[in-house]
$ cat data_1.cif   # mmCIF, C-alpha atoms
data_input
loop_
_atom_site.label_atom_id
_atom_site.label_comp_id
_atom_site.auth_asym_id
_atom_site.auth_seq_id
_atom_site.Cartn_x
_atom_site.Cartn_y
_atom_site.Cartn_z
CA MET I 1 -55.58 107.82 7.34
CA ARG I 2 -56.22 106.00 10.57
CA GLU I 3 -59.31 104.42 9.04
CA VAL I 4 -57.29 103.16 6.06
CA ALA I 5 -54.66 101.74 8.43
CA GLU I 6 -57.40 99.89 10.32
CA GLU I 7 -58.78 98.50 7.03
CA ILE I 8 -55.34 97.12 6.18
CA LYS I 9 -54.94 95.70 9.69
CA GLU I 10 -58.31 93.93 9.39
CA GLU I 11 -57.35 92.35 6.05
CA PHE I 12 -54.12 90.99 7.51
CA SER I 13 -55.98 89.74 10.57
CA LYS I 14 -58.13 87.61 8.25
CA ALA I 15 -54.90 86.05 6.99
CA GLY I 16 -53.82 85.31 10.56
CA VAL I 17 -51.27 88.13 10.82
CA ASP I 18 -51.57 90.74 13.57
CA ILE I 19 -49.85 94.01 12.64
CA PRO I 20 -49.94 97.04 14.98
CA VAL I 21 -52.15 99.70 13.46
CA ASP I 22 -49.60 102.37 14.44
CA GLU I 23 -46.97 100.68 12.26
CA ILE I 24 -49.35 100.70 9.30
CA GLU I 25 -50.37 104.32 9.83
CA GLU I 26 -46.76 105.46 10.10
CA LYS I 27 -45.95 103.90 6.73
CA LEU I 28 -49.01 105.51 5.17
CA ARG I 29 -48.15 108.96 6.52
CA THR I 30 -44.58 108.69 5.24
CA LEU I 31 -45.81 108.07 1.71
CA VAL I 32 -48.65 110.59 1.78
CA ASP I 33 -47.11 113.44 3.78
CA LYS I 34 -43.46 113.16 2.76
CA TYR I 35 -43.69 111.88 -0.81
CA TYR I 36 -47.17 113.16 -1.73
CA VAL I 37 -48.38 109.74 -2.85
CA PRO I 38 -52.19 109.61 -3.25
CA LEU I 39 -53.83 107.72 -0.39
CA ASP I 40 -55.22 104.92 -2.58
CA GLU I 41 -51.78 104.23 -4.03
CA ALA I 42 -50.17 104.50 -0.60
CA LYS I 43 -52.64 101.90 0.65
CA ARG I 44 -51.65 99.48 -2.08
CA SER I 45 -47.94 100.09 -1.57
CA VAL I 46 -48.06 99.65 2.20
CA ALA I 47 -50.24 96.54 1.91
CA ASN I 48 -47.85 94.98 -0.59
CA SER I 49 -44.72 95.72 1.42
CA LEU I 50 -46.29 94.32 4.59
CA ALA I 51 -47.44 91.22 2.71
CA LYS I 52 -43.84 90.56 1.70
CA LYS I 53 -42.51 91.37 5.15
CA TYR I 54 -44.90 89.00 6.94
CA GLY I 55 -44.95 86.30 4.26
CA VAL I 56 -48.59 86.65 3.31
CA ALA I 57 -49.19 84.87 0.02
CA LYS I 58 -52.14 86.96 -1.11
CA VAL I 59 -51.26 90.60 -1.68
CA VAL I 60 -53.75 92.74 0.16
CA GLY I 61 -55.73 95.44 -1.63
CA VAL I 62 -54.50 94.67 -5.16
CA SER I 63 -56.83 93.78 -8.01
CA GLU I 64 -56.29 90.48 -9.81
CA THR I 65 -57.85 91.90 -13.00
CA LEU I 66 -55.65 91.75 -16.08
CA GLU I 67 -55.27 94.92 -18.11
CA LYS I 68 -54.71 95.06 -21.86
CA ILE I 69 -51.79 97.31 -22.78
CA ALA I 70 -53.96 99.38 -25.13
CA ASP I 71 -56.32 100.09 -22.20
CA ILE I 72 -53.67 101.91 -20.17
CA ASP I 73 -55.01 105.45 -20.22
CA ALA I 74 -53.67 107.23 -17.13
CA PRO I 75 -50.46 107.47 -15.07
CA LYS I 76 -50.05 106.40 -11.45
CA LYS I 77 -52.39 103.41 -11.64
CA TRP I 78 -51.64 99.91 -10.36
CA VAL I 79 -52.24 97.25 -13.01
CA ASN I 80 -51.58 93.61 -13.83
CA LEU I 81 -50.80 92.58 -17.39
CA LYS I 82 -49.49 89.69 -19.48
CA GLY I 83 -47.10 90.27 -22.32
CA LYS I 84 -44.11 89.21 -24.38
CA VAL I 85 -40.80 91.06 -24.06
CA VAL I 86 -39.87 92.21 -27.56
CA GLN I 87 -36.80 94.32 -26.77
CA ILE I 88 -34.42 95.11 -23.92
CA TRP I 89 -31.89 97.90 -24.18
CA LYS I 90 -29.07 99.11 -21.96
CA SER I 91 -29.99 101.35 -19.05
CA GLU I 92 -28.05 104.58 -18.70
CA SER I 93 -29.15 105.07 -15.09
CA ASP I 94 -27.52 103.65 -11.96
CA VAL I 95 -30.94 103.15 -10.32
CA ILE I 96 -32.56 101.27 -13.21
CA SER I 97 -31.69 97.62 -13.82
CA GLN I 98 -33.65 97.09 -17.04
CA VAL I 99 -35.48 99.08 -19.69
CA GLY I 100 -37.40 97.46 -22.48
CA LEU I 101 -40.58 96.98 -24.44
CA ILE I 102 -43.33 94.46 -23.69
CA GLY I 103 -46.30 93.79 -25.92
CA ASP I 104 -49.57 91.90 -26.15
CA GLU I 105 -52.19 91.52 -28.88
CA SER I 106 -53.39 95.09 -28.25
CA GLY I 107 -50.11 97.02 -28.37
CA PHE I 108 -46.73 97.81 -26.79
CA VAL I 109 -45.59 99.61 -23.65
CA ARG I 110 -42.16 100.60 -22.36
CA PHE I 111 -41.18 99.12 -18.99
CA VAL I 112 -38.64 100.21 -16.38
CA LYS I 113 -37.40 97.91 -13.61
CA TRP I 114 -35.79 99.62 -10.64
CA LYS I 115 -32.66 98.09 -9.11
CA SER I 116 -34.10 98.61 -5.64
CA ALA I 117 -36.99 96.30 -6.57
CA ASP I 118 -34.61 93.32 -6.39
CA LEU I 119 -36.60 91.49 -9.08
CA PRO I 120 -35.31 88.88 -11.56
CA ASP I 121 -34.39 90.08 -15.06
CA LEU I 122 -36.78 89.70 -17.94
CA GLU I 123 -35.56 88.12 -21.19
CA GLU I 124 -36.36 88.97 -24.79
CA GLU I 125 -38.93 86.72 -26.52
CA LYS I 126 -40.13 85.40 -23.14
CA CYS I 127 -43.69 85.86 -21.83
CA TYR I 128 -44.56 87.06 -18.33
CA LEU I 129 -47.39 87.96 -16.01
CA LEU I 130 -46.48 91.29 -14.40
CA LYS I 131 -48.42 91.99 -11.22
CA ASN I 132 -48.70 95.26 -9.31
CA VAL I 133 -46.88 97.51 -11.78
CA VAL I 134 -47.42 101.24 -11.84
CA THR I 135 -48.34 103.16 -14.98
CA ASP I 136 -46.42 106.30 -15.90
CA TYR I 137 -46.31 108.83 -18.72
CA TRP I 138 -42.95 109.17 -20.50
CA GLN I 139 -42.08 111.24 -23.59
CA GLY I 140 -45.68 111.45 -24.74
CA GLN I 141 -46.41 107.74 -24.21
CA TYR I 142 -47.53 105.56 -21.34
CA SER I 143 -45.04 103.27 -19.65
CA ILE I 144 -44.99 100.93 -16.65
CA LYS I 145 -42.64 100.70 -13.67
CA LEU I 146 -41.70 97.58 -11.77
CA ASN I 147 -40.90 98.32 -8.12
CA ARG I 148 -40.43 96.32 -4.93
CA ASN I 149 -44.20 95.71 -4.74
CA SER I 150 -44.29 94.19 -8.23
CA GLU I 151 -44.12 90.52 -9.12
CA ILE I 152 -42.70 88.83 -12.23
CA ILE I 153 -44.18 85.43 -13.12
CA PRO I 154 -42.73 83.59 -16.17
CA LEU I 155 -45.33 82.02 -18.45
CA GLU I 156 -45.05 78.92 -20.62
CA GLU I 157 -47.66 80.20 -23.07
CA ASP I 158 -46.83 82.26 -26.15
CA ILE I 159 -48.46 85.66 -26.53
CA GLU I 160 -49.12 87.07 -29.98
CA VAL I 161 -47.85 90.63 -30.15
CA ALA I 162 -49.66 93.29 -32.13
CA SER I 163 -48.14 94.39 -35.41
CA GLN I 164 -47.20 98.05 -35.79
CA GLU I 165 -46.03 98.15 -39.40
CA VAL I 166 -44.73 101.50 -40.55
CA VAL I 167 -43.70 102.68 -44.02
CA LYS I 168 -41.06 105.41 -44.19
CA GLU I 169 -39.67 107.09 -47.31
CA GLY I 170 -36.63 109.32 -47.29
CA ALA I 171 -32.85 109.62 -47.44
CA ILE I 172 -30.39 107.81 -45.21
CA VAL I 173 -28.74 110.76 -43.46
CA SER I 174 -26.66 108.93 -40.84
CA VAL I 175 -25.03 105.54 -40.25
CA GLN I 176 -24.61 105.30 -36.50
CA GLN I 177 -21.89 103.88 -34.31
CA GLY I 178 -22.56 100.20 -33.59
CA SER I 179 -23.17 99.45 -37.27
CA GLY I 180 -21.18 96.84 -39.17
CA LEU I 181 -19.59 93.71 -37.76
CA ILE I 182 -20.48 93.07 -34.13
CA LYS I 183 -20.37 90.18 -31.69
CA ARG I 184 -23.32 88.97 -29.62
CA CYS I 185 -23.54 86.90 -26.46
CA PRO I 186 -24.57 83.35 -27.49
CA MET I 187 -26.97 83.17 -24.53
CA CYS I 188 -28.81 86.50 -24.30
CA LYS I 189 -27.98 87.84 -27.81
CA ARG I 190 -26.83 91.20 -26.42
CA VAL I 191 -23.95 92.99 -28.10
CA ILE I 192 -20.70 92.32 -26.26
CA VAL I 193 -17.73 94.68 -25.92
CA LYS I 194 -14.18 93.28 -25.78
CA GLY I 195 -15.57 89.81 -25.13
CA ILE I 196 -17.63 90.92 -22.13
CA CYS I 197 -21.43 90.56 -21.84
CA ASN I 198 -23.07 92.75 -19.21
CA GLU I 199 -25.25 89.81 -18.20
CA HIS I 200 -22.99 86.74 -18.58
CA GLY I 201 -19.47 88.13 -18.23
CA LYS I 202 -16.66 86.86 -20.46
CA VAL I 203 -18.09 84.86 -23.37
CA GLU I 204 -17.08 83.62 -26.81
CA GLY I 205 -19.13 85.95 -28.98
CA VAL I 206 -21.02 85.09 -32.15
CA TYR I 207 -20.50 87.36 -35.17
CA ASP I 208 -23.44 89.36 -36.51
CA LEU I 209 -23.93 92.12 -39.06
CA ARG I 210 -26.29 95.07 -38.73
CA ILE I 211 -26.93 98.68 -39.68
CA LYS I 212 -28.16 101.35 -37.27
CA ALA I 213 -29.10 104.38 -39.32
CA VAL I 214 -31.38 107.40 -39.58
CA ILE I 215 -33.83 107.96 -42.44
CA ASP I 216 -35.30 111.44 -42.94
CA ASP I 217 -38.34 112.30 -45.03
CA GLY I 218 -37.80 116.03 -44.63
CA LYS I 219 -40.30 116.24 -41.78
CA SER I 220 -39.02 113.95 -39.05
CA PRO I 221 -35.99 111.63 -38.74
CA GLN I 222 -36.51 108.00 -37.76
CA ASP I 223 -33.96 105.60 -36.28
CA ILE I 224 -33.93 102.37 -38.30
CA LEU I 225 -32.29 99.00 -37.75
CA PHE I 226 -31.33 96.45 -40.43
CA ASN I 227 -30.62 92.86 -39.33
CA LYS I 228 -27.93 90.66 -40.91
CA GLU I 229 -30.06 89.32 -43.76
CA ILE I 230 -31.42 92.75 -44.76
CA THR I 231 -27.95 94.33 -44.38
CA GLU I 232 -26.41 91.76 -46.73
CA GLU I 233 -29.22 92.24 -49.26
CA LEU I 234 -29.00 96.05 -49.07
CA THR I 235 -25.21 96.45 -49.27
CA GLY I 236 -23.99 93.27 -50.94
CA ILE I 237 -21.55 92.89 -48.02
CA SER I 238 -21.60 89.40 -46.53
CA ILE I 239 -20.62 88.63 -42.98
CA GLU I 240 -17.61 86.67 -44.31
CA GLN I 241 -16.50 89.73 -46.35
CA ALA I 242 -16.85 91.92 -43.27
CA LYS I 243 -14.74 89.52 -41.19
CA GLU I 244 -12.07 89.46 -43.91
CA TRP I 245 -11.88 93.29 -43.94
CA VAL I 246 -11.49 93.41 -40.18
CA ARG I 247 -8.67 90.82 -40.31
CA GLU I 248 -6.97 92.74 -43.12
CA TYR I 249 -7.20 96.25 -41.69
CA LEU I 250 -7.30 95.32 -37.97
CA ASP I 251 -10.05 97.91 -37.59
CA PRO I 252 -13.75 96.97 -37.16
CA SER I 253 -14.84 100.49 -38.19
CA VAL I 254 -13.83 99.74 -41.79
CA VAL I 255 -17.10 97.78 -42.18
CA GLN I 256 -19.18 100.71 -40.99
CA SER I 257 -17.29 102.97 -43.40
CA GLU I 258 -17.96 100.65 -46.37
CA ILE I 259 -21.64 100.45 -45.46
CA ALA I 260 -21.85 104.24 -45.27
CA LYS I 261 -20.39 104.57 -48.76
CA LYS I 262 -23.17 102.39 -50.16
CA ILE I 263 -26.24 103.91 -48.49
CA LEU I 264 -25.58 107.43 -47.18
CA GLY I 265 -27.50 110.10 -49.06
CA ARG I 266 -29.51 107.57 -51.02
CA TYR I 267 -33.30 107.35 -50.95
CA PHE I 268 -35.29 104.35 -49.77
CA VAL I 269 -38.74 103.18 -48.83
CA VAL I 270 -38.46 100.98 -45.75
CA LYS I 271 -41.17 98.91 -44.07
CA GLY I 272 -41.15 97.34 -40.64
CA ASN I 273 -42.36 97.44 -37.06
CA ILE I 274 -41.64 100.18 -34.54
CA VAL I 275 -39.97 98.71 -31.45
CA GLY I 276 -38.81 101.30 -28.94
CA GLN I 277 -36.96 104.06 -30.78
CA TYR I 278 -36.21 101.92 -33.85
CA LEU I 279 -38.07 100.91 -36.96
CA LEU I 280 -36.97 97.30 -37.47
CA VAL I 281 -36.69 97.04 -41.24
CA GLU I 282 -38.30 93.96 -42.77
CA SER I 283 -38.22 95.08 -46.41
CA PHE I 284 -36.87 97.99 -48.45
CA GLU I 285 -36.88 99.52 -51.91
CA GLN I 286 -34.18 101.84 -53.20
CA LEU I 287 -35.53 104.85 -55.11
CA LYS I 288 -33.94 106.04 -58.32
CA ASP I 289 -34.27 109.80 -57.92
CA VAL I 290 -30.99 110.27 -56.09
CA ARG I 291 -29.27 113.63 -56.28
CA GLU I 292 -25.51 113.23 -56.53
CA GLU I 293 -24.89 116.34 -54.43
CA ASP I 294 -26.88 114.77 -51.59
CA VAL I 295 -24.75 111.63 -51.78
CA GLN I 296 -21.49 113.58 -51.76
CA GLU I 297 -22.61 115.73 -48.84
CA ALA I 298 -23.63 112.65 -46.85
CA LEU I 299 -20.35 110.88 -47.62
CA GLN I 300 -18.39 113.91 -46.48
CA LYS I 301 -20.31 113.88 -43.18
CA ALA I 302 -19.60 110.17 -42.81
CA GLU I 303 -15.86 110.68 -43.34
CA GLU I 304 -15.82 113.50 -40.78
CA MET I 305 -17.68 111.32 -38.29
CA LEU I 306 -15.35 108.33 -38.74
CA SER I 307 -12.22 110.48 -38.58
#
$ encode --input "data_1.cif" --output "structure tokens"
Amino acid sequence: MREVAEEIKEEFSKAGVDIPVDEIEEKLRTLVDKYYVPLDEAKRSVANSLAKKYGVAKVVGVSETLEKIADIDAPKKWVNLKGKVVQIWKSESDVISQVGLIGDESGFVRFVKWKSADLPDLEEEKCYLLKNVVTDYWQGQYSIKLNRNSEIIPLEEDIEVASQEVVKEGAIVSVQQGSGLIKRCPMCKRVIVKGICNEHGKVEGVYDLRIKAVIDDGKSPQDILFNKEITEELTGISIEQAKEWVREYLDPSVVQSEIAKKILGRYFVVKGNIVGQYLLVESFEQLKDVREEDVQEALQKAEEMLS
């Protein structure tokens, strides 16, 4: 470990910064002995933190090689990658500031940004160079983590994201909360609650219509998401009709209830891309072989849920 500390010291000396070797070694031993971080990763982490502390522009000991997302094949590796943010969803953890999905022409990967990293937020549909992120393995898939050693660089270029079209056939077995008439922040497009956006505070929301549902083929359920255009085509309910119902009944859940009556228990073939946990529906076909008992059972479940 002393030898590694001396290697780091030498690299910083080349940049005109003299750091006591004991300080470097102490940081290394904390990571390796206390937190069981592999020595190579500890070297990178210590070098990065010292680079920030002493204002060294070039991060010591970190590769500048760009990795394709599809090439991520092991956890606990430091990588650099370029990608386009395709989805951001709300974090349920107090220590995580953002969770989302970023993609390039080779595939998608989930990202997690720690609050302690003190990094700027990423935005949907924007492209970034992410430097010094750490790979992880989460729920059977690889992911990346952005920590205090990571760097987020916005890009002006557009990155083409790989298509992951999926076809799913089955019955709609659930219409989830958050379906129907919603309001979005006009700036970040996130759903707002009681006029409040988590990112931009109090805003004048813009109405939108969507369906969050579950389709089941008898083998595995799949969360699906219909946007406004597909929702209107599927249900025949326009956004103006939905707004009129809410004004009449003074209850936004009436829209979700009407949607449930039209699709629960009925069979569809849906096509779209998998983004995070959802299949984003781009086209659908309603099947004719609907069993009335399935419809009635699904409607009864919907009424119980809404009550």
$ residues_near_point --input "data_1.cif" --point "(-36.3, 97.8, -41.2)" --cutoff "9 Å" --atoms "all atoms listed in the file" --output "list of chain:residue names"
I:Ile224, I:Leu225, I:Phe226, I:Asn227, I:Ile230, I:Val270, I:Lys271, I:Gly272, I:Asn273, I:Ile274, I:Tyr278, I:Leu279, I:Leu280, I:Val281, I:Glu282, I:Ser283, I:Phe284
$ closest_residue --input "data_1.cif" --among "I:Lys243, I:Lys202, I:Lys27, I:Arg190" --to "Ile88 (chain I)" --atoms "all atoms listed in the file"
I:Arg190
$ atom_distance --input "data_1.cif" --atom1 "CA of Arg266 (chain I)" --atom2 "CA of Gln177 (chain I)"
18.7 Å
$ atom_distance --input "data_1.cif" --atom1 "CA of Glu124 (chain I)" --atom2 "CA of Glu151 (chain I)"
17.6 Å
$ atom_distance --input "data_1.cif" --atom1 "CA of Lys9 (chain I)" --atom2 "CA of Ala74 (chain I)"
29.2 Å
$ closest_residue --input "data_1.cif" --among "I:Ser91, I:Asn80, I:Asn147, I:Thr30" --to "Asn48 (chain I)" --atoms "all atoms listed in the file"
I:Asn147
$ residues_around --input "data_1.cif" --residues "Gln277 (chain I)" --least-positions-apart "4" --cutoff "12 Å" --atoms "only C-alpha atoms" --output "list in words"
Gln87, Ile88, Trp89, Gly100, Leu101, Arg110, Gln139, Lys212, Ala213, Val214, Pro221, Gln222, Asp223, Ile224, Leu225 and Asn273 of chain I
$ closest_residue --input "data_1.cif" --among "I:Thr231, I:Thr135, I:Ser93, I:Asn149" --to "Lys53 (chain I)" --atoms "all atoms listed in the file"
I:Asn149
$ resolve_selection --input "data_1.cif" --expression "the PyMOL selection byres ((chain I and resi 242) around 9)" --output "ChimeraX atom specification"
/I:180-181,209,237-241,243-247,252,254-255
$ write_last_selection --input "data_1.cif" --atoms "C-alpha atoms" --output "PDB file, in the frame of the given file"
ATOM      1  CA  GLY I 180     -21.180  96.840 -39.170  1.00  0.00           C
ATOM      2  CA  LEU I 181     -19.590  93.710 -37.760  1.00  0.00           C
ATOM      3  CA  LEU I 209     -23.930  92.120 -39.060  1.00  0.00           C
ATOM      4  CA  ILE I 237     -21.550  92.890 -48.020  1.00  0.00           C
ATOM      5  CA  SER I 238     -21.600  89.400 -46.530  1.00  0.00           C
ATOM      6  CA  ILE I 239     -20.620  88.630 -42.980  1.00  0.00           C
ATOM      7  CA  GLU I 240     -17.610  86.670 -44.310  1.00  0.00           C
ATOM      8  CA  GLN I 241     -16.500  89.730 -46.350  1.00  0.00           C
ATOM      9  CA  LYS I 243     -14.740  89.520 -41.190  1.00  0.00           C
ATOM     10  CA  GLU I 244     -12.070  89.460 -43.910  1.00  0.00           C
ATOM     11  CA  TRP I 245     -11.880  93.290 -43.940  1.00  0.00           C
ATOM     12  CA  VAL I 246     -11.490  93.410 -40.180  1.00  0.00           C
ATOM     13  CA  ARG I 247      -8.670  90.820 -40.310  1.00  0.00           C
ATOM     14  CA  PRO I 252     -13.750  96.970 -37.160  1.00  0.00           C
ATOM     15  CA  VAL I 254     -13.830  99.740 -41.790  1.00  0.00           C
ATOM     16  CA  VAL I 255     -17.100  97.780 -42.180  1.00  0.00           C
TER      17      VAL I 255
END
